[in-house]
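Here is the structure we will look at.
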Amino acid sequence: NTDDIDEQIVKLREVEDLVRVNKFENALLILRELENSKEKQIVVRSKMMLGDLLFSQGEFDLALQVYEEVIKKYSFSGYVIKALGKLVACSEKLKQPEKQAKYYSLLHDIFESV
């Protein structure tokens with residue numbers, strides 16, 4: 001239903017506004033709701049926003065898990081490239097050079113094939 005999708009897009013924008021004014025709890029509640037959307041593009045976008053929110057709060061372990069989920073479950077999306085970049089950053093912050101090298105290599109492979 002287009003009305004549902006429009007409403008969900010409005011909620012995604014609301015999350016961006018809430019994050020800008022440091023209302024992370026409110027943003028998190030909306031993202032949790034959007035994760036259950038029937039629209040995969042809404043779900044992947046909300047997952048990325050959740051990962052970014054966790055990353056910005058220094059929750060690198062949790063952010064890493066969210067970004068890994070994006071790569072595994074939503075490979076159809078262009079957000080996979082962004083998620084890989086964030087995984088490189090998370091693994092660097094967590095001092096996990098093996099993971100960092102793996103994600104960097106995957107990211108590099110994507111650009112090599114283009």
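Each chain of the structure tokens is named A, B, ... in the order shown, its residues numbered from 1; ligands are numbered from 1 in display order.
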
Discussion item. Neighbouring residues of A:Val10 were defined as those with any atom within 12 Å, considering only C-alpha atoms; residues of the same chain fewer than 4 positions away were excluded. Please report them as a PyMOL selection string.
Written reply: chain A and resi 3-6+14-17+30-31+34+42

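Counting only C-alpha atoms, stretch 87-89 of chain A has the following residues at most 10 Å away, ignoring those fewer than 4 positions along the same chain: Gly51, Phe55, Phe60, Ala63, Leu64, Gln65, Val66, Tyr67, Glu68, Ile71, Ile81, Lys82, Ala83, Lys93, Leu94, Lys95, Gln96, Pro97, Lys99, Gln100, Ala101, Lys102, Tyr103, Tyr104, Ser105, Leu106 and Leu107 of chain A.
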
Write the residues of the preceding selection, restricted to C-alpha atoms, as a short mmCIF file (atom, residue, chain, number, x, y, z; two decimals), in the first residue's frame.
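result-v3.cif, freshly written:
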```
data_model
loop_
_atom_site.label_atom_id
_atom_site.label_comp_id
_atom_site.auth_asym_id
_atom_site.auth_seq_id
_atom_site.Cartn_x
_atom_site.Cartn_y
_atom_site.Cartn_z
CA GLY A 51 23.80 0.64 12.83
CA PHE A 55 28.18 3.46 15.80
CA PHE A 60 30.83 -0.77 17.89
CA ALA A 63 26.81 -1.79 15.20
CA LEU A 64 29.04 -4.48 13.70
CA GLN A 65 26.28 -7.08 14.20
CA VAL A 66 23.70 -4.84 12.51
CA TYR A 67 25.95 -4.09 9.54
CA GLU A 68 26.76 -7.81 9.16
CA ILE A 71 25.26 -7.72 4.22
CA ILE A 81 28.57 -1.07 0.14
CA LYS A 82 28.00 1.46 2.91
CA ALA A 83 27.65 -1.38 5.44
CA LYS A 93 37.68 0.58 16.46
CA LEU A 94 37.38 -2.89 18.03
CA LYS A 95 41.00 -3.64 17.14
CA GLN A 96 40.10 -6.69 15.04
CA PRO A 97 42.61 -6.52 12.18
CA LYS A 99 37.92 -8.75 10.33
CA GLN A 100 39.03 -5.33 9.13
CA ALA A 101 41.12 -6.91 6.38
CA LYS A 102 38.26 -9.26 5.40
CA TYR A 103 35.72 -6.44 5.07
CA TYR A 104 38.17 -4.18 3.29
CA SER A 105 38.90 -6.99 0.83
CA LEU A 106 35.18 -7.54 0.18
CA LEU A 107 34.69 -3.82 -0.36
#
```

Worksheet entry | Test item, helix (DSSP H, G or I) assignment across stretch 2-106 of chain A, answer as a PyMOL selection string | chain A and resi 2-20+24-34+40-56+60-73+79-93+97-106

Worksheet item: So which one's closest to A:Phe76, A:Ser91, A:Asn36, A:Gln41, A:Ser56? Using only C-alpha atoms, please.
Response: A:Gln41

Item to complete: To one decimal in Å, tell me the separation between atom CA of A:Glu69 and atom CA of A:Thr2.
Response: 26.6 Å

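Atom CA of A:Glu25 lies 21.8 Å from atom CA of A:Lys86.
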
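If you look at atom CA of A:Leu50 and atom CA of A:Gln8, they are 15.0 Å away from each other.
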